[in-house]
Every structure is written in structure tokens, then in C-alpha cells.
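Shown next: work-v3.txt, containing compact mmCIF, C-alpha atoms.
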# COMPACT_ATOMS: atom_id res chain seq x y z
CA MET A 797 -8.92 -3.52 3.48
CA GLN A 798 -7.31 -1.54 0.70
CA ARG A 799 -10.62 -1.46 -1.14
CA ALA A 800 -12.46 -0.23 1.96
CA ILE A 801 -10.02 2.66 2.33
CA GLU A 802 -10.06 3.49 -1.39
CA SER A 803 -13.86 3.57 -1.36
CA VAL A 804 -14.00 6.42 1.21
CA GLY A 805 -12.04 8.65 -1.16
CA ILE A 806 -8.41 7.94 -0.29
CA SER A 807 -5.90 6.80 -2.91
CA THR A 808 -4.21 3.58 -1.78
CA ILE A 809 -1.34 1.36 -2.79
CA ILE A 810 -0.31 -2.02 -1.44
CA ILE A 811 3.26 -3.30 -1.27
CA ALA A 812 2.77 -6.99 -1.95
CA ALA A 813 4.93 -10.10 -1.81
CA LEU A 814 2.20 -12.20 -3.46
CA PRO A 815 0.98 -10.29 -6.53
CA PRO A 816 -1.44 -13.02 -7.76
CA VAL A 817 -3.34 -12.87 -4.46
CA VAL A 818 -3.52 -9.09 -4.66
CA ARG A 819 -4.83 -9.28 -8.24
CA GLN A 820 -7.51 -11.80 -7.32
CA GLN A 821 -8.66 -9.66 -4.38
CA GLY A 822 -9.25 -6.64 -6.62
CA SER A 823 -6.52 -4.32 -5.37
CA PRO A 824 -6.80 -0.87 -7.00
CA ARG A 825 -3.00 -0.34 -7.09
CA ALA A 826 -0.07 -2.54 -6.14
CA VAL A 827 3.71 -2.68 -6.33
CA ALA A 828 5.61 -5.93 -6.00
CA PRO A 829 9.27 -5.95 -5.03
CA HIS A 830 11.03 -9.35 -5.19
CA VAL A 831 10.73 -10.14 -1.50
CA PRO A 832 9.42 -12.97 0.64
CA MET A 833 6.22 -12.66 2.64
CA GLY A 834 7.17 -10.96 5.87
CA ALA A 835 9.61 -8.47 4.35
CA ASN A 836 7.30 -6.68 1.91
CA ALA A 837 8.99 -3.33 2.53
CA GLY A 838 12.50 -4.77 2.13
CA GLU A 839 15.39 -6.46 3.90
CA PRO A 840 15.71 -6.00 7.70
CA HIS A 841 17.80 -2.92 8.59
CA ASN A 842 18.39 -2.11 4.90
CA VAL A 843 17.24 1.49 5.16
CA GLU A 844 18.22 2.25 1.58
CA MET A 845 16.10 -0.60 0.16
CA GLN A 846 13.14 0.13 2.42
CA THR A 847 13.19 3.82 1.51
CA ALA A 848 13.40 2.98 -2.20
CA ILE A 849 10.43 0.59 -1.97
CA VAL A 850 8.23 3.01 0.00
CA LYS A 851 9.16 5.88 -2.33
CA ALA A 852 8.49 3.76 -5.43
CA ALA A 853 5.08 2.81 -4.01
CA LEU A 854 4.20 6.48 -3.50
CA ILE A 855 5.44 7.48 -6.96
CA ALA A 856 3.46 4.61 -8.51
CA ILE A 857 0.23 6.19 -7.18
CA THR A 858 0.96 9.26 -9.29
CA GLU A 859 1.64 7.14 -12.39
CA MET A 860 -1.13 4.53 -12.37
CA ASP A 861 -4.15 5.73 -14.31
CA SER A 862 -6.52 2.78 -14.00
CA PRO A 863 -7.40 0.17 -11.37
CA GLY A 864 -5.75 -3.23 -11.20
CA ILE A 865 -2.21 -2.34 -12.17
CA ILE A 866 0.57 -4.27 -10.40
CA LYS A 867 4.02 -2.83 -10.98
CA SER A 868 7.10 -4.97 -10.34
CA LEU A 869 9.83 -3.14 -8.45
CA PRO A 870 13.53 -3.80 -9.13
CA TYR A 871 14.47 -4.59 -5.51
CA GLU A 872 15.32 -8.08 -4.41
CA TYR A 873 15.82 -9.70 -1.05
CA ASN A 874 16.03 -13.42 -0.29
CA ALA A 875 15.51 -14.40 3.33
CA LYS A 876 18.08 -16.82 4.66
CA VAL A 877 16.10 -19.65 6.22
CA MET V 928 -15.36 -26.62 -29.85
CA LYS V 929 -18.40 -26.28 -27.66
CA LEU V 930 -17.32 -25.54 -24.06
CA THR V 931 -20.71 -25.78 -22.34
CA THR V 932 -21.90 -29.36 -22.22
CA THR V 933 -24.61 -28.97 -19.57
CA ASN V 934 -26.39 -25.71 -18.81
CA HIS V 935 -26.62 -24.39 -15.21
CA LEU V 936 -24.11 -26.90 -13.88
CA LYS V 937 -22.38 -25.37 -10.85
CA SER V 938 -18.74 -26.17 -10.02
CA GLU V 939 -18.12 -27.87 -6.70
CA ILE V 940 -14.85 -25.97 -6.42
CA TYR V 941 -15.13 -22.57 -4.71
CA MET V 942 -13.83 -19.96 -7.12
CA PRO V 943 -13.50 -16.50 -5.55
CA ILE V 944 -14.63 -13.78 -7.90
CA THR V 945 -12.51 -10.67 -8.29
CA PRO V 946 -14.72 -7.79 -7.15
CA LYS V 947 -15.55 -4.71 -9.21
CA PRO V 948 -12.84 -2.02 -9.29
CA VAL V 949 -12.70 0.78 -6.71
CA TRP V 950 -10.76 3.89 -7.59
CA THR V 951 -9.92 7.28 -6.09
CA PRO V 952 -7.59 9.28 -8.34
CA LEU V 953 -4.81 11.25 -6.66
CA GLU V 954 -5.35 14.94 -7.32
CA LYS V 955 -2.28 16.47 -5.65
CA PRO V 956 1.51 16.15 -5.85
CA LEU V 957 3.04 13.86 -3.19
CA SER V 958 4.67 16.84 -1.47
CA GLU V 959 1.18 18.11 -0.59
CA CYS V 960 -0.21 14.76 0.56
CA LYS V 961 -0.83 13.39 4.03
CA VAL V 962 0.01 9.70 4.09
CA GLY V 963 -1.34 7.02 6.44
CA PHE V 964 -0.10 3.47 6.80
CA ALA V 965 -1.87 0.17 7.50
CA SER V 966 -0.52 -3.35 7.54
CA ALA V 967 -1.93 -6.85 7.69
CA CYS V 968 1.30 -8.02 9.31
CA GLY V 969 -0.14 -8.24 12.81
CA ALA V 970 1.82 -5.27 14.21
CA HIS V 971 0.85 -3.90 17.61
CA LEU V 972 2.34 -2.21 20.64
CA LYS V 973 3.76 -4.62 23.19
CA VAL V 974 1.33 -3.15 25.73
CA GLN V 975 -1.67 -3.88 23.47
CA LYS V 976 -3.54 -7.17 23.33
CA PRO V 977 -1.85 -9.58 20.87
CA PHE V 978 -3.87 -10.88 17.91
CA ALA V 979 -5.41 -14.35 18.09
CA THR V 980 -3.25 -16.21 15.58
CA ALA V 981 -6.01 -18.58 14.47
CA GLY V 982 -8.05 -15.68 13.05
CA ASP V 983 -8.66 -12.17 14.35
CA SER V 984 -10.46 -9.31 12.67
CA SER V 985 -9.62 -6.65 15.27
CA TRP V 986 -7.10 -3.84 14.72
CA ARG V 987 -4.62 -1.79 16.74
CA GLU V 988 -3.91 1.92 16.47
CA ILE V 989 -0.18 2.61 16.38
CA PRO V 990 1.03 6.18 17.02
CA LYS V 991 3.93 7.35 14.88
CA THR V 992 5.82 8.47 18.01
CA VAL V 993 6.54 4.89 19.20
CA THR V 994 10.03 3.41 19.19
CA PRO V 995 10.65 0.14 17.29
CA GLU V 996 11.33 -1.53 20.67
CA GLU V 997 7.75 -0.78 21.74
CA LEU V 998 6.35 -2.68 18.73
CA MET V 999 5.98 -6.36 17.94
CA VAL V 1000 3.97 -8.61 15.63
CA THR V 1001 1.60 -11.44 16.41
CA HIS V 1002 0.62 -13.31 13.25
CA GLY V 1003 0.36 -17.02 12.69
CA GLY V 1004 0.45 -16.93 8.90
CA TYR V 1005 4.02 -16.10 7.88
CA ASP V 1006 7.61 -16.39 9.03
CA ASN V 1007 8.06 -13.57 11.55
CA SER V 1008 11.86 -13.75 11.79
CA ASP V 1009 12.58 -10.77 9.49
CA VAL V 1010 9.97 -8.54 11.08
CA ASN V 1011 11.21 -9.49 14.54
CA ARG V 1012 14.66 -8.27 13.49
CA ASP V 1013 13.31 -5.01 12.07
CA ILE V 1014 9.65 -3.97 12.30
CA ASN V 1015 10.17 -1.71 9.25
CA CYS V 1016 10.27 -4.81 6.99
CA MET V 1017 6.48 -4.84 7.22
CA PHE V 1018 5.66 -1.66 9.10
CA PRO V 1019 8.05 0.89 7.53
CA TYR V 1020 6.88 3.77 9.70
CA GLN V 1021 10.41 5.07 10.32
CA ARG V 1022 10.91 5.37 6.55
CA LEU V 1023 7.66 7.35 6.27
CA ILE V 1024 8.78 9.68 9.09
CA GLU V 1025 12.03 10.27 7.14
CA LEU V 1026 10.05 10.98 3.94
CA GLU V 1027 8.00 13.55 5.87
CA ASN V 1028 11.18 15.15 7.24
CA GLU V 1029 12.74 15.44 3.79
CA GLY V 1030 9.53 16.91 2.33
CA PHE V 1031 8.90 14.05 -0.10
CA ILE V 1032 5.41 13.85 1.46
CA LYS V 1033 3.69 16.66 3.36
CA GLU V 1034 2.87 14.67 6.47
CA PHE V 1035 2.84 11.15 7.86
CA ALA V 1036 -0.32 10.41 9.86
CA ASP V 1037 -0.13 10.44 13.66
CA ILE V 1038 -2.14 7.23 13.97
CA ASN V 1039 -1.49 4.17 11.80
CA VAL V 1040 -2.96 0.71 11.96
CA GLY V 1041 -1.92 -2.89 12.43
CA PHE V 1042 -4.27 -5.79 11.81
CA MET V 1043 -3.91 -9.49 11.10
CA GLY V 1044 -4.60 -10.54 7.54
CA GLY V 1045 -4.87 -13.96 6.04
CA GLY V 1046 -7.48 -15.38 8.36
CA GLY V 1047 -10.60 -14.62 10.30
CA ILE V 1048 -14.14 -13.99 9.20
CA GLU V 1049 -14.18 -12.45 5.75
CA GLU V 1050 -17.57 -10.77 6.20
CA GLU V 1051 -16.38 -9.11 9.39
CA PHE V 1052 -13.25 -7.78 7.67
CA LYS V 1053 -15.39 -6.42 4.87
CA ASN V 1054 -18.19 -4.92 6.96
CA VAL V 1055 -16.49 -3.91 10.22
CA THR V 1056 -12.68 -3.87 10.13
CA GLY V 1057 -12.29 -2.30 6.67
CA PRO V 1058 -14.73 0.57 7.26
CA ALA V 1059 -13.29 1.19 10.77
CA ILE V 1060 -9.72 1.53 9.49
CA ALA V 1061 -10.93 3.65 6.55
CA LYS V 1062 -12.63 5.95 9.10
CA ILE V 1063 -9.42 6.32 11.14
CA MET V 1064 -7.61 7.41 7.96
CA LYS V 1065 -10.42 9.65 6.73
CA GLU V 1066 -10.72 11.44 10.09
CA GLN V 1067 -7.02 12.28 9.89
CA ASN V 1068 -7.58 13.73 6.38
CA CYS V 1069 -5.19 11.29 4.72
CA ASP V 1070 -4.87 11.70 0.95
CA ILE V 1071 -2.99 8.42 0.58
CA VAL V 1072 -2.78 5.17 2.52
CA VAL V 1073 0.12 2.78 1.90
CA LEU V 1074 -0.41 -0.84 2.93
CA THR V 1075 1.69 -3.96 3.25
CA ALA V 1076 -0.08 -7.30 2.89
CA GLY V 1077 -0.19 -10.29 0.59
Can you present the structure in this file as C-alpha cells?
Amino acid sequence: MQRAIESVGISTIIIAALPPVVRQQGSPRAVAPHVPMGANAGEPHNVEMQTAIVKAALIAITEMDSPGIIKSLPYEYNAKV
Amino acid sequence: MKLTTTNHLKSEIYMPITPKPVWTPLEKPLSECKVGFASACGAHLKVQKPFATAGDSSWREIPKTVTPEELMVTHGGYDNSDVNRDINCMFPYQRLIELENEGFIKEFADINVGFMGGGGIEEEFKNVTGPAIAKIMKEQNCDIVVLTAG
């Protein structure tokens, strides 16, 4: 999906919980906060964390200068199961 | 050590090959960019048809004007409990509206997209779903698309 959008001339970034999958699939740009699948953009109702993750993803687009980079983000959330 | 013992021997184990890179450089500052959002989390409006959890390559257009109460997810491939508490965990559209309001980005797209990743017919995703969602974003003149998946 990301590749399809990137290939029509739009810069894309994916916020991923599973960076190895994203790498294998050939993602052009990715950020990876320390979150479980299902909370990629951060803890439920934690507006501060969600904003920081979305902002960091946008800023990463301006910083990444070649395809295939996955940047770890310093935000962590562990779901209580 | 010689690694190849028999020429042209094909592995019985399917090994997906990472495709060739695709790349569109960003030419503008973020404050001048229109940003769209798409997610493989299975988000849709409650009034829209839910995804088939065993595999579904269709997509749903989600206007940015909806309230969180009008949204839900249908996805059989991950624990939905966080996203049921707060749709922004996977579909952070309210955060993108705030970033538009504070001028961090120029504009958040009016129409964003939910689809169901992690299943379905790969060829259909590649040849139909991907290009269709790309077209929705292109027609809105998005400079950037943020995704959540994987």
C-alpha cells in the first residue's frame, strides 16, 4: 500500500509495530515506536504520546534521504493484557 | 567453503523477495504540505460495511469530519482492545487535525482511508487496492501520506 502511494509521487511514511515485516515488504520510510500491534500511534487516550509519534513520523520524512530507513522512536507503551 | 553444492536447486520454502525501492523525495517544508492518512487497521464508519475478517481487499473512505464514536474497526488479525478504547491508537486523525490547526502541517486531507491488512489476495492489494487508495490521495493533492500498519 505504502509503495503504491509512493509510486504516484507522494512521499509516505509508515508507523510500524513490526519493523522486520516493514523492512521485508520494501517500505520506503518507516518509524517504529515501542508499541504493540494495534496501538501503532501510541497508548489509548494518551494525546501527548500520539501527537509526539505522529509529529516524529512527519519530521522523519524530512530527514530520511534514501529508501529503506527504519527509525526507532523513543516512545514506549505496553498493553495490559 | 563452497556454498553451492548443486546448481539450479530451488528451495521448497517460500522466501518472499524484498521488492525494488520506490522513492518520492519531499520537496517542501511540512508547514506547506497537505497530509493524507491511510491505515491497515480495518477502520471504517459504523454505517459502512464491515471488513470480512478472513481476508478483504476492499477499502473505506473516512471523512475527517467524523466523530470517534462514528468509527470502529473490523480486523481479525490483531488485538482490537486498544483501538476500541481509542480509535486514534491506529487511526490518529484527531492528532492530524490538531497538527493542521497549529500550523505544523498546511492541511489534513478531507478523505482518509481504512483498509484491512494482513490477509486477502496479495495480487488484488497490489493491482487494485493500492492504486485505488493512491488515486484518492493524489486527487486530493496530498504531498504526504502517513500510514499505520505492520
Discussion item. Need the shell around Glu872 in chain A: protein/DNA/RNA residues with any atom at most 8 Å away, counting all atoms listed in the file. Skip same-chain ones fewer than 2 positions apart. Format as a list in words?
Written reply: Pro829, His830, Val831, Gly838, Pro870 and Asn874 of chain A
Give me, as JSON lines, the closest atom pair and its distance (Å, one decimal) for every residue of chain V within a cut-off of 6 Å of chain A, counting all atoms listed in the file, rows sorted by chain and rising number.
{"residue": "V:Thr945", "atom": "CA", "partner": "A:Gln820", "partner_atom": "CA", "distance": 5.2}
{"residue": "V:Pro946", "atom": "CA", "partner": "A:Gly822", "partner_atom": "CA", "distance": 5.6}
{"residue": "V:Thr951", "atom": "CA", "partner": "A:Ser807", "partner_atom": "CA", "distance": 5.1}
{"residue": "V:Leu953", "atom": "CA", "partner": "A:Ser807", "partner_atom": "CA", "distance": 5.9}
{"residue": "V:Asp1009", "atom": "CA", "partner": "A:Pro840", "partner_atom": "CA", "distance": 6.0}
{"residue": "V:Asp1013", "atom": "CA", "partner": "A:Pro840", "partner_atom": "CA", "distance": 5.1}
{"residue": "V:Cys1016", "atom": "CA", "partner": "A:Ala835", "partner_atom": "CA", "distance": 4.6}
{"residue": "V:Met1017", "atom": "CA", "partner": "A:Ala837", "partner_atom": "CA", "distance": 5.5}
{"residue": "V:Arg1022", "atom": "CA", "partner": "A:Thr847", "partner_atom": "CA", "distance": 5.7}
{"residue": "V:Gly1057", "atom": "CA", "partner": "A:Met797", "partner_atom": "CA", "distance": 4.8}
{"residue": "V:Pro1058", "atom": "CA", "partner": "A:Ala800", "partner_atom": "CA", "distance": 5.8}
{"residue": "V:Ala1061", "atom": "CA", "partner": "A:Ile801", "partner_atom": "CA", "distance": 4.4}
{"residue": "V:Asp1070", "atom": "CA", "partner": "A:Ile806", "partner_atom": "CA", "distance": 5.3}
{"residue": "V:Ile1071", "atom": "CA", "partner": "A:Ser807", "partner_atom": "CA", "distance": 4.8}
{"residue": "V:Val1072", "atom": "CA", "partner": "A:Thr808", "partner_atom": "CA", "distance": 4.8}
{"residue": "V:Val1073", "atom": "CA", "partner": "A:Ile809", "partner_atom": "CA", "distance": 5.1}
{"residue": "V:Leu1074", "atom": "CA", "partner": "A:Ile810", "partner_atom": "CA", "distance": 4.5}
{"residue": "V:Thr1075", "atom": "CA", "partner": "A:Ile811", "partner_atom": "CA", "distance": 4.8}
{"residue": "V:Ala1076", "atom": "CA", "partner": "A:Ala812", "partner_atom": "CA", "distance": 5.6}
{"residue": "V:Gly1077", "atom": "CA", "partner": "A:Leu814", "partner_atom": "CA", "distance": 5.1}
Restrict the selected residues to C-alpha atoms and save them as a PDB file, keeping the file's coordinate frame.
ATOM      1  CA  THR V 945     -12.510 -10.670  -8.290  1.00  0.00           C
ATOM      2  CA  PRO V 946     -14.720  -7.790  -7.150  1.00  0.00           C
ATOM      3  CA  THR V 951      -9.920   7.280  -6.090  1.00  0.00           C
ATOM      4  CA  LEU V 953      -4.810  11.250  -6.660  1.00  0.00           C
ATOM      5  CA  ASP V1009      12.580 -10.770   9.490  1.00  0.00           C
ATOM      6  CA  ASP V1013      13.310  -5.010  12.070  1.00  0.00           C
ATOM      7  CA  CYS V1016      10.270  -4.810   6.990  1.00  0.00           C
ATOM      8  CA  MET V1017       6.480  -4.840   7.220  1.00  0.00           C
ATOM      9  CA  ARG V1022      10.910   5.370   6.550  1.00  0.00           C
ATOM     10  CA  GLY V1057     -12.290  -2.300   6.670  1.00  0.00           C
ATOM     11  CA  PRO V1058     -14.730   0.570   7.260  1.00  0.00           C
ATOM     12  CA  ALA V1061     -10.930   3.650   6.550  1.00  0.00           C
ATOM     13  CA  ASP V1070      -4.870  11.700   0.950  1.00  0.00           C
ATOM     14  CA  ILE V1071      -2.990   8.420   0.580  1.00  0.00           C
ATOM     15  CA  VAL V1072      -2.780   5.170   2.520  1.00  0.00           C
ATOM     16  CA  VAL V1073       0.120   2.780   1.900  1.00  0.00           C
ATOM     17  CA  LEU V1074      -0.410  -0.840   2.930  1.00  0.00           C
ATOM     18  CA  THR V1075       1.690  -3.960   3.250  1.00  0.00           C
ATOM     19  CA  ALA V1076      -0.080  -7.300   2.890  1.00  0.00           C
ATOM     20  CA  GLY V1077      -0.190 -10.290   0.590  1.00  0.00           C
TER      21      GLY V1077
END
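Atom pair CA of Gly1045 in chain V / CA of Thr1001 in chain V has a distance of 12.5 Å (rounded to one decimal).
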Practice prompt. Skip range 1023-1032 of chain V itself and residues of its chain fewer than 2 positions away, then list as a list in words all residues within 7 Å of it, counting all atoms listed in the file.
Written response: Leu957, Ser958, Glu959, Cys960, Lys961, Pro1019, Tyr1020, Gln1021, Glu1034 and Phe1035 of chain V
Practice prompt. Can you work out the spacing between CA of Gly969 in chain V and CA of Val949 in chain V in Å, to one decimal?
Written response: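 These two atoms are separated by 24.9 Å.
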